[in-house]
Each structure stands twice: as structure tokens, then as C-alpha cells.
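*Asks:* Let me give you the structure first, and then I'll get to my questions.
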There are 2 protein chains.
Amino acid sequence: MTGVKPTMSDVARTAGVSAMTVSNVLTGRRHVSPATRSRVEQAAAALGYELNLTARHLRAGRTDTVALVVPHFDHPYFGELAARLAALLAAEDRHLVVEQTGASREAELAAVSQARWQLYDGVLLSVVGMSAADLDDLHTSVPLVLLGEQEMPARYDHVRMDNVAGARLATAHLLATGSRRIAVVGGADPDPASGMKPARTLGWTLAHADAGTDPAPELLVRAPADLTSGRDAVRRLVADGIEFDAVFAVTDTLATGVLAGLAEAGVRVPDDVQVIGFDNLASSEFTVPALSTVDPGHERMVTEALRLLDAVARGPAGGADGGTGAREHVISPARLVHRATARAR
Amino acid sequence: MTGVKPTMSDVARTAGVSAMTVSNVLTGRRHVSPATRSRVEQAAAALGYELNLTARHLRAGRTDTVALVVPHFDHPYFGELAARLAALLAAEDRHLVVEQTGASREAELAAVSQARWQLYDGVLLSVVGMSAADLDDLHTSVPLVLLGEQEMPARYDHVRMDNVAGARLATAHLLATGSRRIAVVGGADPDPASGMKPARTLGWTLAHADAGTDPAPELLVRAPADLTSGRDAVRRLVADGIEFDAVFAVTDTLATGVLAGLAEAGVRVPDDVQVIGFDNLASSEFTVPALSTVDPGHERMVTEALRLLDAVARGPAGGADGGTGAREHVISPARLVHRATARAR
DNA sequence: CTGTTAGCGCGTTCAC
DNA sequence: GTGAACGCGCTAACAG
């Protein structure tokens, strides 16, 4: 209630020591005699002293904080990612803060061009809207690891899932269990250079090729990756009278919407239409029926991302490449999770 | 590639001006002649200068950043909360960072006792594990607004939902549509002083009293608020042979688990058992069948929370009370959302 | 084990 | 419209 915030010197003065000693007590980086320590602690408590972290950050040049920058806070995929990273970092007394860009290219560029990242020891950037070219224009001295399913410039470390293999696995399973008209919901033209959708769509195409068939073009349903779009995709398919006996949804979120759409249309899953998603969200076990999906190896991805980030932070000179500028690109293997929306093989 | 990060003085030197002028160009707080401005901008670009925000923060004593501290990143309720807040703040060029405590009392206390909050202009704290007594012991000079459904000390601003009224509404609807044995999943003894569960359970009790009945005690099923627990609650109910013709789940997450459990047991919803949840998550519209639920007035909650935070930040002296220490406690009204898991009245 | 000195890189204050 | 000096609060480096 005195109004002014006490500083370290204030604590030092009332404890009868120097500011350095107070600092030592607080950081524990140097030995302090028990007697001195307790005098300092009492003085700090008496004054209601609170360490000023911004000053520490400026002086130390470190913040012990890693940032995760995601397009949306409210997409379960990113929430789960954040939770996993936070758990890993907390184990080593480091902190995670999460920031949101908004998914558009413009919003991501704006977020990225800001000097905010200087506040962190490293940044994990989940890219969705930006292109490889945009990323190439990016200049930051902060250790940066990219997460995301599109093509990325070689000069950044990058962790992603095996989208093609996962989608191929899912589609192959649908073919092997008797489906012949497999819609890909959230599919995209395989040409565009960005995003997970072309890769997963490619997996769908390849699985058909593997089976010696060719998917009908009207079974490729473009859609943004949200719940509403999944439901709408089914409505559209039904309204257009397009026959299908299975759906490969390129994300679990889309798949959940698809299940809602199929239920609404009175279609039985998996008897009439099988469904497989991609991402293995925590909630996917609890859809009705329980969603079969592709697990992208979440744990692997977060441990690799953190490993790469620490490697960049420690050795800014070269990295895995020995100085050419190329860095590691990790691909986490995908695996099929069998539940109730697809038949057993 | 020179290795050393340029500072403002470096930029100033190569632009042939003083550091102050560089600062003025960057902040835009004072007029700078166009010619000087462009010289500074070119010098900054040439050197690859990046503003050091930690220094600015120390000097300015402000960070233009608000923190949201939540128990879990990966619970959709908090993800949606974060997204709403971020949208509101972005509109005024302020930033939101989200941090996670872990939901236990110990983890929350640890998170809270740290000086980290000094890094923010204000903190929105989502309380789950801590008691009112714990919060009373809290001493921080950072503007703080509490979010959470338990009792909170009067000296903090606090925003919450109308849990009792919402639960009463839901239960009353179930009674009015013919259900007589309404289980409350996630229910709790109304005595304990903390948490949303007792309040929502109380609403369930009161609705029965309103109807002149008394719920059977075996219909109160205690459970943590997650998907697995919702499903397990149904399994237990069924295994124990307890008859029920409706479920009021105290969160949508629990309700989603309940729907999975009912589907697994071959129970038809809403024909055999009606279900109503609480929270109105974005995903609740897409369960099968679509979940009827209680909407807690999300938008209202976030605007109020931000309004209170700004009020604390601006007038640290008094607040709504005029200096007695008591502050505003806002209760957002609840409303029933009719979908497919409950019959129309 | 403890103290002294000297900044970290900005922005406020006051001058011109 | 621009500059000089100082200090925000803390800690690395070197004493002793």
C-alpha cells in the first residue's frame, strides 16, 4: 500500500546486504549462507517484493520461454499440440506461451513481422496460410522451428506428419474392406504447392492407383477443415445424387462433421458408408460411432520439434548441415487407428 | 551474418542521427521529418535491425499484452475462450498470450506464485483447483480478473456463468418433457465450497423441488469433467442396473462422453434417454444426435472480463467500490439451446 | 561466501 | 524537429 514497488536494492538495504546477494538468493546460482539467505527472504517478504522479470530478461538475454504460434486457439488440434509441448517444457522448468495469428496469409505475415518473438528463446511456428516464398522473406534472429504440412524453405527446421502415407493407408483400408466409391472430403487439387490437403488427397489417389483403379473426379469434395464444412460436404454429395460408400475426411474435425451429416441423412456407418479421418484427436474416440482415423505420431512430433529448437538455440552457426543453411526436416510416420466407423480388414 | 545484433545506436550512427530519433521513428510518438524518417528506415533495413522488446518493456513498464491463464490448453472450453479474447484484443492492437497451469491446486499455486505475471499488463485467471482461501493469500500487483465457477474473494473482479439457473433450466426442461429419472453426470455434493459442479447439481435439485419431486440419490453420478468419465458414467449406471430416462451432464464434454456411452449400450437418444449438456461448445452442434445444451453467454463473459481488466488497470486505487476493496462480480445469464438430444416442450 | 562495478537497450526529460 | 544524459531493475564479471 506504500504505492511504490520495492526493487532488489530496497530488499538489499533492509536485509543489510548488497543487491547481488539478493539476486543470488533468488536465482540460487551461487551459494549464500543460510543466515544471510533467511534475512534476505524475510526482508523480501516484509516489503512484498516481486522480482521484475522484464529487467531480468533484458540483463540475462534469456526468457526461458518458448512460444507456440498457431493459427487458431480454438481448434482442438492446436490445443492438444500446445498441451503436449507445455508438458514437455514444464518438465525442464521452461515455459510455453501460445499466441494466435489468425489463419490467413495476411494475418500470419503480420504476426510474423512483429518483433514480439524477441521475447522468446525460441518460436515454434505452425504455418497454415503462408507460402514457402513468404517464409523465405522472413528474417528473424530468433530460433525458429516450423510445424505444418506444406512445403517449407530448406533453411528452417521443419517437423510434419507423413500425410501422403497416412492418407494412402486410410484409403487402402477402405478399398480392402470393400468400398469402391470413396469420397475425399476436404480434398484439394494435388497441384497447389501448399497445405496438407493436396498431400492427403494425393495419398487417396495413390491408394487407388495401387489397387489398379482410378477414383471418380466427382468424389473429390473441396472443403475448409471445419465441422460445418464436413456436414455440408455430405449434404452436397447427397443433394447432387453422387453415390459413395466411404469417406476419407482429411481431418478428424471434417470427419466429425461428416458423421453428423450422415446421421442426419439416415445413412448407417459403417454399413452403408465407411468413414476414416486424419489426426487422431482426443475427441475422435467419442464420436458416434467411434471414429477410425490416422494417427500422425503426435508425441514424436513434439519431441522432435523441441529437440530441433534447442539445437538451433545452442548452435546458431551451422546446424545439422555444417553451415550450408539447410536444416533438418523431420517426417513423423503415420499409423491407422481402428475404431468403429470402418470395418475390420 | 556479422553475428552481433545491431541496437538503436547502431542504426542511429549509420543514419547520422541520434538514438532518440530512431526511437521516435519506430514509435511514431513524435514528429520526424520525412527525410530523416526514410534515412532511419533505410539504415534499419540495411543493418537488419530488430527492436528489442524486453528493453522497451523495462523502460516503458508496459507490455501491451494480456495473459489468459487456463488449467488446460486442450480443453475446448478454454480454447474457445482464448479465441474470443484474442479476437477482441486484436481489434485494439493488443496481444493475448495463453499460459497453462495444470488444473491441480498445487500446479495453480505454483503458476500463480511466480513473478511471470509482471510480464503482462493484466491477467485473466481461469481458476479451477484453487480455493477462495488460496486466492486470498495471493499477492500480486498485476491487474487481475478471475474467471471461474467457484466462490471467489470479494477483492477481485470476477466473471462467471449463472450455473444454478442454467442447470435448473435444463433439468426443468427434462422434467417438462416427461422424464422422471434424471441422472446428473458430473454431479457433486452441493456442500463443498468450490467448483461449478455443486452449483449445477444444485440447479438440478432445485428444478426437482420446483416440480414438487425429489431426485433419487443414486442418480447423482460423480465424475471429472472429461470425455472418458462421461462414457464411464453411463457404463456404471447401466452395470449397476440403475434406471434413468434422462441425463443432465454438467459439461458438454461430459455429455459427449455420455452420448458415446449410450450409443455403445444401444440406448436411443432422445427416445429412451434424453440428454442435455452445459457450455454450448462449438462442437456440440455436431454430436450424433446434436446436443441440446445450456449456453452460458460466452460473448458477454469475455467482454465483461476485458472491461473489468481495463478498469483495474486504469484505476488501481478504487474500482467499482470506491476503495473498500470489493469489486465487481458479473454473472452471465444462461439460456437453453434446443437441439436433438432432448424433446421439444 | 559476499561486494563493487558496469552495463543490457531502450525511452523519458529537458534542452536547443 | 532533434539531441544528450540518465536510469528502468537486474546480473555477469571480477574482486576480496
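Every chain in the C-alpha cells has a letter given in the order shown (A, B, ...), and although residue numbers restart at 1 in each chain, ligands are simply numbered from 1 in the order shown.
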Using only C-alpha atoms (C1' of nucleotides), which protein or nucleic acid residues come within 10 Å of A:Leu262? Drop anything in the same chain fewer than 5 positions from it, and give the result as a list in words.
*Replies:*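 Near A:Leu262, the qualifying residues are Gly230, Arg231, Ala233, Val234, Arg235, Val238, Thr256, Gly257, Val267, Arg268, Val269, Asp272, Val273 and Val275 of chain A; Val288 of chain B.
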*Asks:* Determine, counting only C-alpha atoms (C1' of nucleotides), which protein, DNA and RNA residues have an atom within 8 Å of an atom of A:Ala313; residues of the same chain fewer than 5 positions away are not included. Present the result as a list in words.
*Replies:*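 Using only C-alpha atoms (C1' of nucleotides), the neighbours found are Asp121, Gly122 and Pro143 of chain A.
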*Asks:* Please identify every residue of chain D that has at least one atom no more than 12 Å from any atom of chain A, counting only C-alpha atoms (C1' of nucleotides), and report them as a CSV table (one decimal) with N, CA, C and O atoms (P, O5', C5', C4', C3', O3' and C1' of nucleotides), in the first residue's frame.
*Replies:*
```csv
chain,number,residue,atom,x,y,z
D,8,DC,P,16.2,4.3,-11.7
D,8,DC,O5',15.1,3.3,-12.3
D,8,DC,C5',13.9,3.7,-12.9
D,8,DC,C4',13.4,2.7,-13.9
D,8,DC,C3',13.7,1.2,-13.4
D,8,DC,O3',12.5,0.8,-12.7
D,8,DC,C1',14.3,1.5,-15.7
D,9,DG,P,12.5,0.4,-11.2
D,9,DG,O5',13.2,-1.0,-11.1
D,9,DG,C5',12.6,-2.1,-11.8
D,9,DG,C4',13.7,-3.1,-12.0
D,9,DG,C3',14.3,-3.6,-10.7
D,9,DG,O3',14.0,-5.0,-10.6
D,9,DG,C1',15.9,-3.3,-12.3
D,10,DC,P,14.6,-6.0,-9.5
D,10,DC,O5',15.8,-6.7,-10.3
D,10,DC,C5',15.4,-7.5,-11.4
D,10,DC,C4',16.6,-7.7,-12.3
D,10,DC,C3',17.7,-8.6,-11.7
D,10,DC,O3',17.6,-9.9,-12.3
D,10,DC,C1',18.6,-6.7,-12.7
D,11,DT,P,18.4,-11.1,-11.7
D,11,DT,O5',19.8,-11.0,-12.4
D,11,DT,C5',20.0,-11.4,-13.7
D,11,DT,C4',21.4,-11.1,-14.1
D,11,DT,C3',22.5,-12.0,-13.5
D,11,DT,O3',23.4,-12.3,-14.5
D,11,DT,C1',23.0,-9.8,-13.2
D,12,DA,P,24.1,-13.7,-14.6
D,12,DA,O5',25.3,-13.6,-15.6
D,12,DA,C5',25.3,-12.7,-16.7
D,12,DA,C4',26.7,-12.2,-17.0
D,12,DA,C3',27.9,-13.0,-16.6
D,12,DA,O3',28.8,-12.9,-17.7
D,12,DA,C1',28.0,-11.0,-15.4
```
*Asks:* Could you work out which residues of chain C fall inside 9 Å of chain A? Count only C-alpha atoms (C1' of nucleotides), and format the result as a list of chain:residue names.
*Replies:*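 Filtering chain C at 9 Å from chain A with only C-alpha atoms (C1' of nucleotides) gives C:DC1, C:DT2, C:DG3, C:DG7, C:DC8, C:DG9.
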*Asks:* Sort by chain and increasing residue number a table of all residues of chain A within 9 Å of chain B, each with its closest pair of atoms and their distance in Å to one decimal, counting only C-alpha atoms, and write it as a Markdown table.
*Replies:*
```
| residue | atom | partner | partner_atom | distance |
| --- | --- | --- | --- | --- |
| A:Lys5 | CA | B:Ser141 | CA | 8.7 |
| A:Gly48 | CA | B:His139 | CA | 8.1 |
| A:Glu50 | CA | B:Ala115 | CA | 6.4 |
| A:Leu51 | CA | B:Ala115 | CA | 6.0 |
| A:Asn52 | CA | B:Gln118 | CA | 6.6 |
| A:Leu53 | CA | B:Leu119 | CA | 6.6 |
| A:Thr54 | CA | B:Leu58 | CA | 5.4 |
| A:Ala55 | CA | B:Leu58 | CA | 5.7 |
| A:His57 | CA | B:Thr54 | CA | 6.4 |
| A:Leu58 | CA | B:Thr54 | CA | 5.5 |
| A:Arg59 | CA | B:Ala55 | CA | 9.0 |
| A:Gly61 | CA | B:Thr54 | CA | 8.7 |
| A:His72 | CA | B:Ala83 | CA | 6.8 |
| A:Phe73 | CA | B:Gly79 | CA | 5.2 |
| A:Asp74 | CA | B:Gly79 | CA | 4.3 |
| A:His75 | CA | B:Gly79 | CA | 7.2 |
| A:Pro76 | CA | B:Pro76 | CA | 6.5 |
| A:Tyr77 | CA | B:Asp74 | CA | 8.4 |
| A:Phe78 | CA | B:Asp74 | CA | 7.9 |
| A:Gly79 | CA | B:Asp74 | CA | 4.2 |
| A:Glu80 | CA | B:Asp74 | CA | 4.8 |
| A:Leu81 | CA | B:Asp74 | CA | 7.9 |
| A:Ala82 | CA | B:Phe73 | CA | 6.2 |
| A:Ala83 | CA | B:Phe73 | CA | 5.2 |
| A:Arg84 | CA | B:Asp74 | CA | 8.8 |
| A:Ala86 | CA | B:Gln100 | CA | 7.4 |
| A:Ala87 | CA | B:Gly102 | CA | 9.0 |
| A:His95 | CA | B:Glu99 | CA | 8.2 |
| A:Leu96 | CA | B:Glu99 | CA | 6.6 |
| A:Val97 | CA | B:Glu99 | CA | 5.2 |
| A:Val98 | CA | B:Val98 | CA | 5.1 |
| A:Glu99 | CA | B:Val97 | CA | 5.2 |
| A:Gln100 | CA | B:Ala86 | CA | 7.4 |
| A:Gly102 | CA | B:Ala87 | CA | 8.9 |
| A:Ala115 | CA | B:Leu51 | CA | 6.2 |
| A:Arg116 | CA | B:Leu53 | CA | 6.8 |
| A:Trp117 | CA | B:Leu53 | CA | 8.8 |
| A:Gln118 | CA | B:Asn52 | CA | 6.6 |
| A:Leu119 | CA | B:Thr54 | CA | 6.4 |
| A:His139 | CA | B:Gly48 | CA | 8.1 |
| A:Thr140 | CA | B:Glu50 | CA | 8.1 |
| A:Ser141 | CA | B:Lys5 | CA | 8.5 |
| A:Leu227 | CA | B:Phe286 | CA | 7.1 |
| A:Thr228 | CA | B:Phe286 | CA | 8.1 |
| A:Arg231 | CA | B:Phe286 | CA | 8.3 |
| A:Thr256 | CA | B:Phe286 | CA | 7.0 |
| A:Gly257 | CA | B:Phe286 | CA | 6.1 |
| A:Leu259 | CA | B:Val288 | CA | 7.6 |
| A:Ala260 | CA | B:Phe286 | CA | 5.5 |
| A:Gly261 | CA | B:Phe286 | CA | 8.6 |
| A:Ala263 | CA | B:Val288 | CA | 6.8 |
| A:Glu264 | CA | B:Pro289 | CA | 8.3 |
| A:Ala282 | CA | B:Leu227 | CA | 8.8 |
| A:Ser283 | CA | B:Leu227 | CA | 7.4 |
| A:Glu285 | CA | B:Ala260 | CA | 8.8 |
| A:Phe286 | CA | B:Ala260 | CA | 5.5 |
| A:Thr287 | CA | B:Ala260 | CA | 6.5 |
| A:Val288 | CA | B:Ala260 | CA | 5.9 |
| A:Pro289 | CA | B:Ala260 | CA | 7.6 |
| A:Ala290 | CA | B:Ala260 | CA | 7.8 |
```
*Asks:* Enter the distance from atom CA of A:Glu299 to atom CA of A:Gly148, in Å, rounded to one decimal.
*Replies:* 15.1 Å
